[in-house]
$ cat input21.txt   # compact mmCIF, C-alpha atoms
# COMPACT_ATOMS: atom_id res chain seq x y z
CA MET I 1 -16.03 18.42 13.15
CA THR I 2 -16.76 21.93 14.31
CA THR I 3 -17.14 25.09 12.27
CA TRP I 4 -13.78 26.45 13.37
CA ARG I 5 -12.01 23.14 12.69
CA LEU I 6 -13.47 23.11 9.20
CA ILE I 7 -12.37 26.70 8.62
CA TRP I 8 -8.82 25.95 9.78
CA LEU I 9 -8.69 22.77 7.69
CA ARG I 10 -9.79 24.67 4.61
CA LEU I 11 -7.40 27.54 5.22
CA TYR I 12 -4.53 25.10 5.66
CA ALA I 13 -5.54 23.09 2.60
CA ILE I 14 -5.70 26.07 0.25
CA THR I 15 -2.54 27.76 1.54
CA LEU I 16 0.24 25.59 2.95
CA GLY I 17 -1.58 22.48 1.72
CA ARG I 18 -0.81 23.38 -1.88
CA LEU I 19 2.70 22.14 -1.13
CA ALA I 20 3.03 18.37 -1.03
CA GLY I 21 5.20 18.36 2.07
CA PHE I 22 2.67 20.29 4.13
CA ASP I 23 -0.14 18.11 2.86
CA ARG I 24 1.84 15.03 3.93
CA LEU I 25 2.31 16.60 7.34
CA LEU I 26 -1.41 17.21 7.68
CA ARG I 27 -2.25 13.71 6.53
CA ARG I 28 0.17 12.09 8.96
CA GLY I 29 -1.25 14.21 11.74
CA LEU I 30 -4.83 13.35 10.87
CA VAL I 31 -4.07 9.61 10.53
CA TRP I 32 -2.30 9.63 13.89
CA TRP I 33 -5.00 11.67 15.63
CA LEU I 34 -7.98 9.80 14.18
CA ILE I 35 -6.67 6.28 13.65
CA THR I 36 -3.33 4.96 14.81
CA ARG I 37 -3.23 6.43 18.31
CA ARG I 38 -6.63 4.92 19.14
CA PRO I 39 -7.70 1.36 19.88
CA PRO I 40 -9.74 -0.25 17.06
CA GLU I 41 -13.10 0.46 18.68
CA GLU I 42 -12.38 4.21 18.79
CA ARG I 43 -10.79 4.66 15.36
CA TYR I 44 -12.35 6.89 12.76
CA VAL I 45 -13.77 4.63 10.06
CA ALA I 46 -16.03 6.25 7.49
CA ALA I 47 -17.42 2.91 6.30
CA SER I 48 -18.77 1.77 9.66
CA ASN I 49 -21.76 2.23 11.97
CA TYR I 50 -24.28 1.06 9.41
CA PHE I 51 -27.56 -0.43 10.54
CA ASP I 52 -27.33 -3.99 11.83
CA PRO I 53 -30.53 -6.04 12.28
CA LYS I 54 -29.11 -7.28 15.56
CA GLU I 55 -29.87 -3.82 16.96
CA LEU I 56 -33.53 -4.79 16.93
CA GLU I 57 -35.12 -6.56 19.86
CA ARG I 58 -35.97 -10.17 19.15
CA MET O 1 -31.08 -22.76 -5.74
CA SER O 2 -28.95 -22.78 -8.89
CA THR O 3 -25.75 -20.86 -9.34
CA ARG O 4 -27.54 -18.71 -11.87
CA GLU O 5 -30.33 -17.91 -9.40
CA ASP O 6 -27.77 -17.12 -6.74
CA GLY O 7 -26.10 -14.81 -9.21
CA ASP O 8 -29.45 -13.15 -9.84
CA LEU O 9 -29.61 -12.21 -6.17
CA TYR O 10 -26.32 -10.36 -6.36
CA THR O 11 -27.17 -8.65 -9.63
CA GLY O 12 -30.67 -7.80 -8.43
CA LEU O 13 -29.39 -6.12 -5.28
CA ALA O 14 -26.91 -4.13 -7.35
CA LEU O 15 -29.37 -3.17 -10.08
CA ALA O 16 -31.84 -1.92 -7.46
CA GLN O 17 -29.31 0.79 -6.58
CA VAL O 18 -28.65 1.97 -10.12
CA PRO O 19 -31.44 4.59 -10.37
CA ARG O 20 -30.25 6.05 -7.08
CA ILE O 21 -26.63 6.08 -8.21
CA LEU O 22 -27.58 7.63 -11.54
CA GLY O 23 -29.37 10.29 -9.53
CA LEU O 24 -26.08 11.11 -7.83
CA ALA O 25 -24.66 12.00 -11.24
CA ASP O 26 -25.05 15.23 -13.20
CA ARG O 27 -26.63 13.90 -16.39
CA ARG O 28 -27.18 17.33 -18.00
CA GLU O 29 -25.17 17.23 -21.19
CA GLY O 30 -23.25 20.43 -21.64
CA ALA O 31 -23.22 21.31 -17.95
CA ARG O 32 -19.85 22.23 -16.48
CA THR O 33 -20.25 19.36 -14.03
CA TYR O 34 -21.64 16.84 -16.52
CA GLY O 35 -20.50 13.38 -15.39
CA CYS O 36 -19.84 14.44 -11.79
CA PHE O 37 -21.21 11.85 -9.39
CA ASP O 38 -20.83 14.01 -6.30
CA ARG O 39 -24.34 15.35 -5.87
CA TYR O 40 -23.27 17.29 -2.78
CA TYR O 41 -21.04 19.29 -5.10
CA TRP O 42 -22.99 19.79 -8.33
CA GLN O 43 -26.62 19.67 -7.12
CA TYR O 44 -26.72 20.71 -3.46
CA ARG O 45 -23.72 23.06 -3.91
CA LEU O 46 -22.86 22.48 -0.28
CA MET O 47 -19.31 21.36 -0.97
CA ASP O 48 -16.57 23.54 -2.38
CA PHE O 49 -14.84 20.68 -4.18
CA PRO O 50 -15.94 17.31 -5.62
CA ASN O 51 -15.01 14.08 -3.83
CA ALA O 52 -13.21 12.06 -6.50
CA ARG O 53 -14.31 8.75 -5.00
CA PHE O 54 -17.80 9.32 -6.36
CA GLN O 55 -16.34 8.98 -9.86
CA GLU O 56 -16.09 5.24 -9.20
CA GLY O 57 -19.61 5.28 -10.61
CA VAL O 58 -18.03 5.10 -14.06
CA HIS O 59 -17.07 1.47 -13.36
CA LEU O 60 -20.72 0.66 -12.69
CA LEU O 61 -21.75 2.37 -15.93
CA ALA O 62 -19.29 0.23 -17.86
CA LEU O 63 -20.69 -2.98 -16.39
CA LEU O 64 -24.28 -1.90 -17.02
CA TYR O 65 -23.64 -0.89 -20.61
CA HIS O 66 -21.75 -4.01 -21.61
CA HIS O 67 -23.89 -6.72 -20.03
CA SER O 68 -27.37 -7.65 -21.16
CA LEU O 69 -29.18 -9.35 -18.34
CA ASP O 70 -32.64 -9.51 -16.86
CA GLY O 71 -33.52 -6.35 -15.00
CA ASN O 72 -30.86 -4.27 -16.73
CA PRO O 73 -32.47 -1.71 -19.04
CA PHE O 74 -29.18 0.20 -19.20
CA ALA O 75 -27.31 -2.19 -21.50
CA GLY O 76 -26.28 -0.54 -24.74
CA GLN O 77 -27.90 2.77 -23.83
CA ARG O 78 -26.31 5.79 -25.49
CA MET O 79 -27.09 7.87 -22.42
CA ILE O 80 -24.97 5.53 -20.25
CA ALA O 81 -22.02 5.69 -22.64
CA GLY O 82 -22.28 9.48 -22.84
CA LEU O 83 -22.45 9.80 -19.08
CA ALA O 84 -19.43 7.52 -18.72
CA ARG O 85 -17.49 9.66 -21.16
CA GLY O 86 -18.49 12.70 -19.12
CA ALA O 87 -17.50 10.99 -15.87
CA VAL O 88 -14.03 10.18 -17.19
CA ASP O 89 -13.57 13.75 -18.45
CA PHE O 90 -14.81 15.19 -15.17
CA TRP O 91 -12.44 12.96 -13.19
CA ALA O 92 -9.55 14.02 -15.41
CA GLY O 93 -10.44 17.65 -14.82
CA ILE O 94 -10.54 17.54 -11.02
CA ARG O 95 -7.09 16.07 -10.59
CA ASN O 96 -4.43 18.01 -8.77
CA ARG O 97 -1.49 19.19 -10.83
CA ASP O 98 0.54 16.14 -9.78
CA GLY O 99 -2.17 13.77 -11.03
CA SER O 100 -3.60 12.84 -7.65
CA VAL O 101 -7.17 13.52 -6.58
CA SER O 102 -8.90 14.66 -3.39
CA GLU O 103 -11.50 13.06 -1.22
CA VAL O 104 -11.84 14.94 2.07
CA TYR O 105 -10.32 18.40 1.53
CA PRO O 106 -8.90 20.40 -1.39
CA ASN O 107 -5.28 19.61 -2.44
CA GLU O 108 -5.50 16.41 -0.42
CA ARG O 109 -3.46 14.12 -2.69
CA SER O 110 -5.39 11.10 -1.43
CA LEU O 111 -3.88 7.70 -2.18
CA CYS O 112 -7.22 6.06 -1.44
CA ALA O 113 -9.22 8.26 -3.80
CA THR O 114 -6.56 8.26 -6.51
CA ALA O 115 -6.17 4.48 -6.43
CA PHE O 116 -9.86 3.61 -6.41
CA SER O 117 -11.04 6.27 -8.83
CA PHE O 118 -8.21 5.62 -11.30
CA ALA O 119 -8.84 1.87 -11.07
CA ALA O 120 -12.53 2.46 -11.78
CA VAL O 121 -11.81 4.82 -14.67
CA THR O 122 -9.34 2.41 -16.27
CA GLU O 123 -11.75 -0.51 -15.83
CA ALA O 124 -14.30 1.49 -17.79
CA LEU O 125 -11.78 2.53 -20.45
CA LEU O 126 -10.75 -1.10 -20.96
CA ARG O 127 -14.35 -2.17 -21.50
CA TRP O 128 -15.10 0.58 -23.97
CA GLY O 129 -11.69 0.56 -25.64
CA TRP O 130 -11.31 4.28 -25.01
CA PRO O 131 -7.91 5.92 -24.59
CA LEU O 132 -6.63 7.26 -21.31
CA PRO O 133 -7.33 10.96 -20.70
CA ARG O 134 -4.81 13.72 -21.22
CA ASN O 135 -1.88 13.74 -18.75
CA TRP O 136 -2.77 10.29 -17.48
CA GLU O 137 0.95 9.71 -16.95
CA ARG O 138 0.96 12.13 -14.03
CA THR O 139 -1.62 10.06 -12.19
CA ALA O 140 0.12 6.77 -12.95
CA ARG O 141 3.48 8.19 -11.92
CA TRP O 142 2.04 9.64 -8.72
CA LEU O 143 0.42 6.33 -7.85
CA ALA O 144 3.58 4.36 -8.57
CA ARG O 145 5.70 6.66 -6.41
CA ALA O 146 3.28 7.12 -3.50
CA PRO O 147 4.33 5.28 -0.34
CA ASP O 148 2.18 2.25 0.33
CA SER O 149 -0.83 2.81 2.53
CA PRO O 150 -1.23 0.98 5.84
CA ALA O 151 -4.59 -0.01 4.36
CA SER O 152 -3.91 -2.93 2.01
CA ASN O 153 -7.16 -2.44 0.08
CA GLN O 154 -5.90 0.87 -1.28
CA ASN O 155 -2.65 -0.70 -2.44
CA ALA O 156 -4.54 -3.46 -4.21
CA ALA O 157 -6.63 -0.93 -6.13
CA ALA O 158 -3.47 0.99 -7.01
CA ALA O 159 -1.94 -2.20 -8.45
CA VAL O 160 -4.99 -2.76 -10.67
CA ALA O 161 -4.98 0.86 -11.83
CA LEU O 162 -1.32 0.61 -12.83
CA TYR O 163 -1.81 -2.75 -14.54
CA ASN O 164 -4.81 -1.43 -16.43
CA CYS O 165 -2.66 1.47 -17.65
CA TYR O 166 -0.18 -1.09 -18.92
CA LEU O 167 -2.98 -2.89 -20.77
CA LEU O 168 -4.16 0.38 -22.27
CA THR O 169 -0.75 1.64 -23.33
CA GLY O 170 1.67 -1.29 -23.46
CA ASP O 171 4.01 0.54 -21.05
CA THR O 172 5.88 -2.35 -19.43
CA GLY O 173 7.26 0.00 -16.77
CA LEU O 174 3.75 0.26 -15.39
CA GLU O 175 3.37 -3.49 -15.51
CA ALA O 176 6.52 -3.75 -13.42
CA GLU O 177 5.16 -1.22 -10.92
CA ALA O 178 1.93 -3.19 -10.59
CA VAL O 179 3.79 -6.47 -10.14
CA ALA O 180 5.99 -4.84 -7.49
CA GLU O 181 2.94 -3.50 -5.66
CA VAL O 182 1.32 -6.91 -5.61
CA GLY O 183 4.59 -8.42 -4.44
CA ARG O 184 4.65 -6.06 -1.48
CA LEU O 185 1.06 -6.97 -0.64
CA VAL O 186 1.92 -10.66 -0.68
CA ARG O 187 4.98 -10.12 1.54
CA ALA O 188 2.87 -8.11 3.98
CA GLN O 189 0.21 -10.82 4.17
CA HIS O 190 -0.07 -12.18 7.69
CA PRO O 191 0.53 -15.93 8.21
CA GLN O 192 -3.16 -16.17 9.16
CA GLY O 193 -3.95 -15.06 5.61
CA TYR O 194 -5.15 -11.48 5.99
CA TYR O 195 -3.77 -8.42 4.24
CA PRO O 196 -3.18 -5.90 7.06
CA GLU O 197 -5.43 -2.93 7.62
CA TYR O 198 -3.61 -0.51 9.91
CA GLY O 199 -1.68 -3.42 11.36
CA GLY O 200 -4.66 -5.66 12.04
CA ALA O 201 -7.19 -7.97 10.47
CA ASP O 202 -10.43 -6.64 9.05
CA VAL O 203 -12.71 -9.08 7.24
CA GLY O 204 -14.59 -6.41 5.32
CA TYR O 205 -11.61 -4.53 3.93
CA HIS O 206 -9.79 -7.84 3.44
CA SER O 207 -12.64 -8.97 1.16
CA LEU O 208 -12.29 -5.70 -0.77
CA THR O 209 -8.55 -6.30 -1.14
CA LEU O 210 -9.34 -9.82 -2.32
CA SER O 211 -11.76 -8.56 -4.96
CA TRP O 212 -9.21 -6.18 -6.41
CA LEU O 213 -6.40 -8.75 -6.33
CA VAL O 214 -8.65 -11.22 -8.15
CA ARG O 215 -9.31 -8.59 -10.83
CA TYR O 216 -5.56 -8.18 -11.13
CA GLN O 217 -4.97 -11.92 -11.21
CA GLN O 218 -7.55 -12.48 -13.94
CA LYS O 219 -5.64 -10.11 -16.21
CA ALA O 220 -2.04 -10.64 -15.16
CA LYS O 221 -2.23 -14.43 -14.64
CA ASP O 222 0.37 -14.03 -11.91
CA HIS O 223 0.82 -17.59 -10.63
CA ALA O 224 2.88 -16.36 -7.71
CA LEU O 225 -0.28 -14.74 -6.38
CA LEU O 226 -2.41 -17.88 -6.38
CA GLU O 227 -1.18 -19.26 -3.06
CA SER O 228 -1.63 -15.87 -1.42
CA LEU O 229 -5.20 -15.66 -2.68
CA ARG O 230 -5.92 -19.17 -1.46
CA LYS O 231 -4.78 -18.22 2.05
CA ALA O 232 -6.75 -14.99 1.84
CA VAL O 233 -9.94 -16.85 0.96
CA ALA O 234 -9.34 -19.34 3.78
CA PHE O 235 -9.04 -16.44 6.23
CA VAL O 236 -12.53 -15.26 5.31
CA GLU O 237 -13.98 -18.76 5.36
CA GLU O 238 -12.90 -19.18 8.97
CA ARG O 239 -14.62 -15.99 10.09
CA VAL O 240 -17.95 -15.86 8.31
CA GLY O 241 -20.76 -17.73 10.06
CA PRO O 242 -23.53 -19.82 8.50
CA ASP O 243 -25.73 -16.72 8.43
CA GLY O 244 -23.19 -14.81 6.36
CA ARG O 245 -22.21 -12.56 9.25
CA HIS O 246 -18.79 -11.83 10.67
CA ASP O 247 -17.93 -10.17 13.96
CA SER O 248 -17.39 -6.52 13.09
CA SER O 249 -16.22 -5.73 16.62
CA ALA O 250 -13.24 -8.03 16.06
CA ASN O 251 -12.21 -6.21 12.89
CA SER O 252 -9.35 -3.71 12.99
CA ARG O 253 -11.58 -1.19 11.20
CA ARG O 254 -14.96 -2.41 12.48
CA THR O 255 -16.39 -3.04 9.04
CA GLN O 256 -19.69 -4.86 8.64
CA PHE O 257 -19.65 -5.39 4.90
CA LEU O 258 -18.37 -8.22 2.72
CA TYR O 259 -17.27 -7.72 -0.86
CA PRO O 260 -18.21 -11.00 -2.58
CA TYR O 261 -16.60 -10.84 -6.03
CA GLY O 262 -13.22 -12.24 -5.07
CA LEU O 263 -14.87 -15.02 -3.08
CA VAL O 264 -17.23 -15.89 -5.95
CA ALA O 265 -14.33 -16.01 -8.40
CA HIS O 266 -12.64 -18.53 -6.10
CA GLY O 267 -15.73 -20.65 -5.67
CA SER O 268 -15.52 -20.13 -1.91
CA GLY O 269 -18.05 -21.77 0.39
CA VAL O 270 -18.48 -18.38 2.06
CA VAL O 271 -20.62 -17.29 -0.88
CA ALA O 272 -23.43 -19.69 0.03
CA ARG O 273 -23.41 -18.39 3.62
CA HIS O 274 -23.36 -14.79 2.43
CA LEU O 275 -26.35 -15.47 0.19
CA VAL O 276 -28.23 -16.97 3.14
CA GLY O 277 -27.59 -13.79 5.10
CA LEU O 278 -28.69 -11.62 2.20
CA ARG O 279 -31.92 -13.55 1.70
CA GLN O 280 -32.67 -13.32 5.41
CA GLY O 281 -31.93 -9.60 5.47
CA GLN O 282 -29.22 -10.14 8.04
CA VAL O 283 -26.12 -8.90 6.27
CA LEU O 284 -25.18 -5.55 4.81
CA GLN O 285 -26.25 -4.99 1.22
CA PRO O 286 -25.60 -2.06 -1.09
CA GLY O 287 -28.89 -0.32 -0.37
CA TRP O 288 -28.01 0.01 3.30
CA LEU O 289 -24.92 2.08 2.60
CA ASP O 290 -24.44 5.82 2.30
CA ASP O 291 -24.00 7.60 -1.03
CA ARG O 292 -20.23 7.25 -1.06
CA TYR O 293 -19.96 3.53 -0.40
CA VAL O 294 -23.05 2.29 -2.21
CA ILE O 295 -21.18 2.66 -5.50
CA PRO O 296 -18.20 0.30 -4.96
CA LEU O 297 -20.30 -2.33 -3.18
CA SER O 298 -22.87 -2.27 -5.99
CA VAL O 299 -20.06 -2.71 -8.50
CA ASP O 300 -18.75 -5.70 -6.56
CA PHE O 301 -22.20 -7.27 -6.19
CA LEU O 302 -22.86 -6.83 -9.89
CA GLU O 303 -19.55 -8.39 -10.88
CA ALA O 304 -20.15 -11.22 -8.41
CA GLY O 305 -23.52 -11.92 -9.98
CA LEU O 306 -22.14 -11.78 -13.50
CA GLU O 307 -19.36 -14.16 -12.51
CA MET O 308 -21.89 -16.64 -11.08
CA GLN O 309 -24.06 -16.41 -14.15
CA ARG O 310 -21.05 -17.10 -16.37
CA HIS O 311 -20.57 -20.39 -14.51
CA GLY O 312 -24.23 -21.15 -13.82

$ encode --input "input21.txt" --output "structure tokens"
Amino acid sequence: MTTWRLIWLRLYAITLGRLAGFDRLLRRGLVWWLITRRPPEERYVAASNYFDPKELER
Amino acid sequence: MSTREDGDLYTGLALAQVPRILGLADRREGARTYGCFDRYYWQYRLMDFPNARFQEGVHLLALLYHHSLDGNPFAGQRMIAGLARGAVDFWAGIRNRDGSVSEVYPNERSLCATAFSFAAVTEALLRWGWPLPRNWERTARWLARAPDSPASNQNAAAAVALYNCYLLTGDTGLEAEAVAEVGRLVRAQHPQGYYPEYGGADVGYHSLTLSWLVRYQQKAKDHALLESLRKAVAFVEERVGPDGRHDSSANSRRTQFLYPYGLVAHGSGVVARHLVGLRQGQVLQPGWLDDRYVIPLSVDFLEAGLEMQRHG
């Protein structure tokens, strides 16, 4: 996320995004951009990258 | 180690997070944001809208209030009931006009957040015997009409939310919607036993799906689901090692967690391995998670522990 991306996302959300169709468009775009177009190891997953004890040296 | 002692491990790990989770909530009676669990919104004031997923904390409050057990000073506390009431009202107030809620940006209409938060709210309402909030039909209707998510866990939560609404109102149309949702989940189940997550297998999210389907099954007594659940449990049993770990790099969504409630309810052998991993500090536990995800995993750990203690 960058400042300008956040600004554009907010502007979209509070203007065109009030309409369900435009929100669906945004969602499909975000899902495609962040998830489905990428291989599993590159997908955006909020609930990932937590600490794993295996990161420590033995 | 007895089943009861094993259950104590799950409940202990969950209870250890409760003060932190309560700190996420606005507990100031009379405040505009009373009952809001999104501290980034009501306390830090860094966010311009509340993330509805934080309201899943109301499910935890319901479990804490209604279960007396060692290490739980929250049972029967008026403050917990009041906060739960506030959390339900706050959730009802942040819904979009169509009944959906937002998680990432305003006007989002998030299936994930609507399904999980509504499921949590209705779980709490069932335990307290409280009525659904005003205009609840909009949320139920929105959830019933929303296209299924490619993430099965969200669809499972939606099914429970709809079924809970049926239990709260007697509306058999909602029961039918929940049954249909579960039917679609079963038809989508891969022959290997997993419920797809963006087209692939993910042990962590699969265990979350399993937990929610077990909650559904316990209420609906849907015998057609039993074989599906058996295959789903077997899928996990084949992928969790003796130390309770599974290979997150092989998961379609790279999750590291395991939601144990559904596995405990099925008496799965995975539970013993998971407990080994927890005791050794090798597997993810609620306290290792961020503020958003600590809540649902704590709920699941607490319910897993309560389930074990019921059978211990």

$ interface_residues --input "input21.txt" --of "chain I" --to "chain O" --cutoff "8 Å" --atoms "all atoms listed in the file" --output "NGL selection string"
:I and (9-10 or 13-14 or 17-18 or 20 or 23 or 36 or 40-41 or 43 or 45 or 47-48 or 50-53)

$ atom_distance --input "input21.txt" --atom1 "CA of Asp171 in chain O" --atom2 "CA of Ala159 in chain O"
14.2 Å

$ residues_near_point --input "input21.txt" --point "(-10.3, 10.4, -9.8)" --cutoff "8 Å" --atoms "only C-alpha atoms" --output "JSON, numbers by chain"
{"O": [52, 53, 55, 56, 91, 92, 94, 95, 100, 101, 102, 113, 114, 115, 116, 117, 118, 121]}

$ atom_distance --input "input21.txt" --atom1 "CA of Thr11 in chain O" --atom2 "CA of Arg27 in chain O"
23.5 Å

$ atom_distance --input "input21.txt" --atom1 "CA of Pro73 in chain O" --atom2 "CA of Phe90 in chain O"
24.7 Å

$ closest_residue --input "input21.txt" --among "O:Ala272, O:Met79, O:Asn51, O:Arg127" --to "His67 in chain O" --atoms "all atoms listed in the file"
O:Arg127

$ residues_around --input "input21.txt" --residues "range 13-21 of chain O" --least-positions-apart "3" --cutoff "9 Å" --atoms "only C-alpha atoms" --output "list of chain:residue names"
O:Asp8, O:Leu9, O:Tyr10, O:Leu24, O:Ala25, O:Phe37, O:Gly57, O:Leu60, O:Leu64, O:Gly71, O:Asn72, O:Gln285, O:Pro286, O:Gly287, O:Asp291, O:Val294, O:Ile295, O:Leu297, O:Ser298, O:Val299, O:Asp300, O:Phe301, O:Leu302, O:Gly305
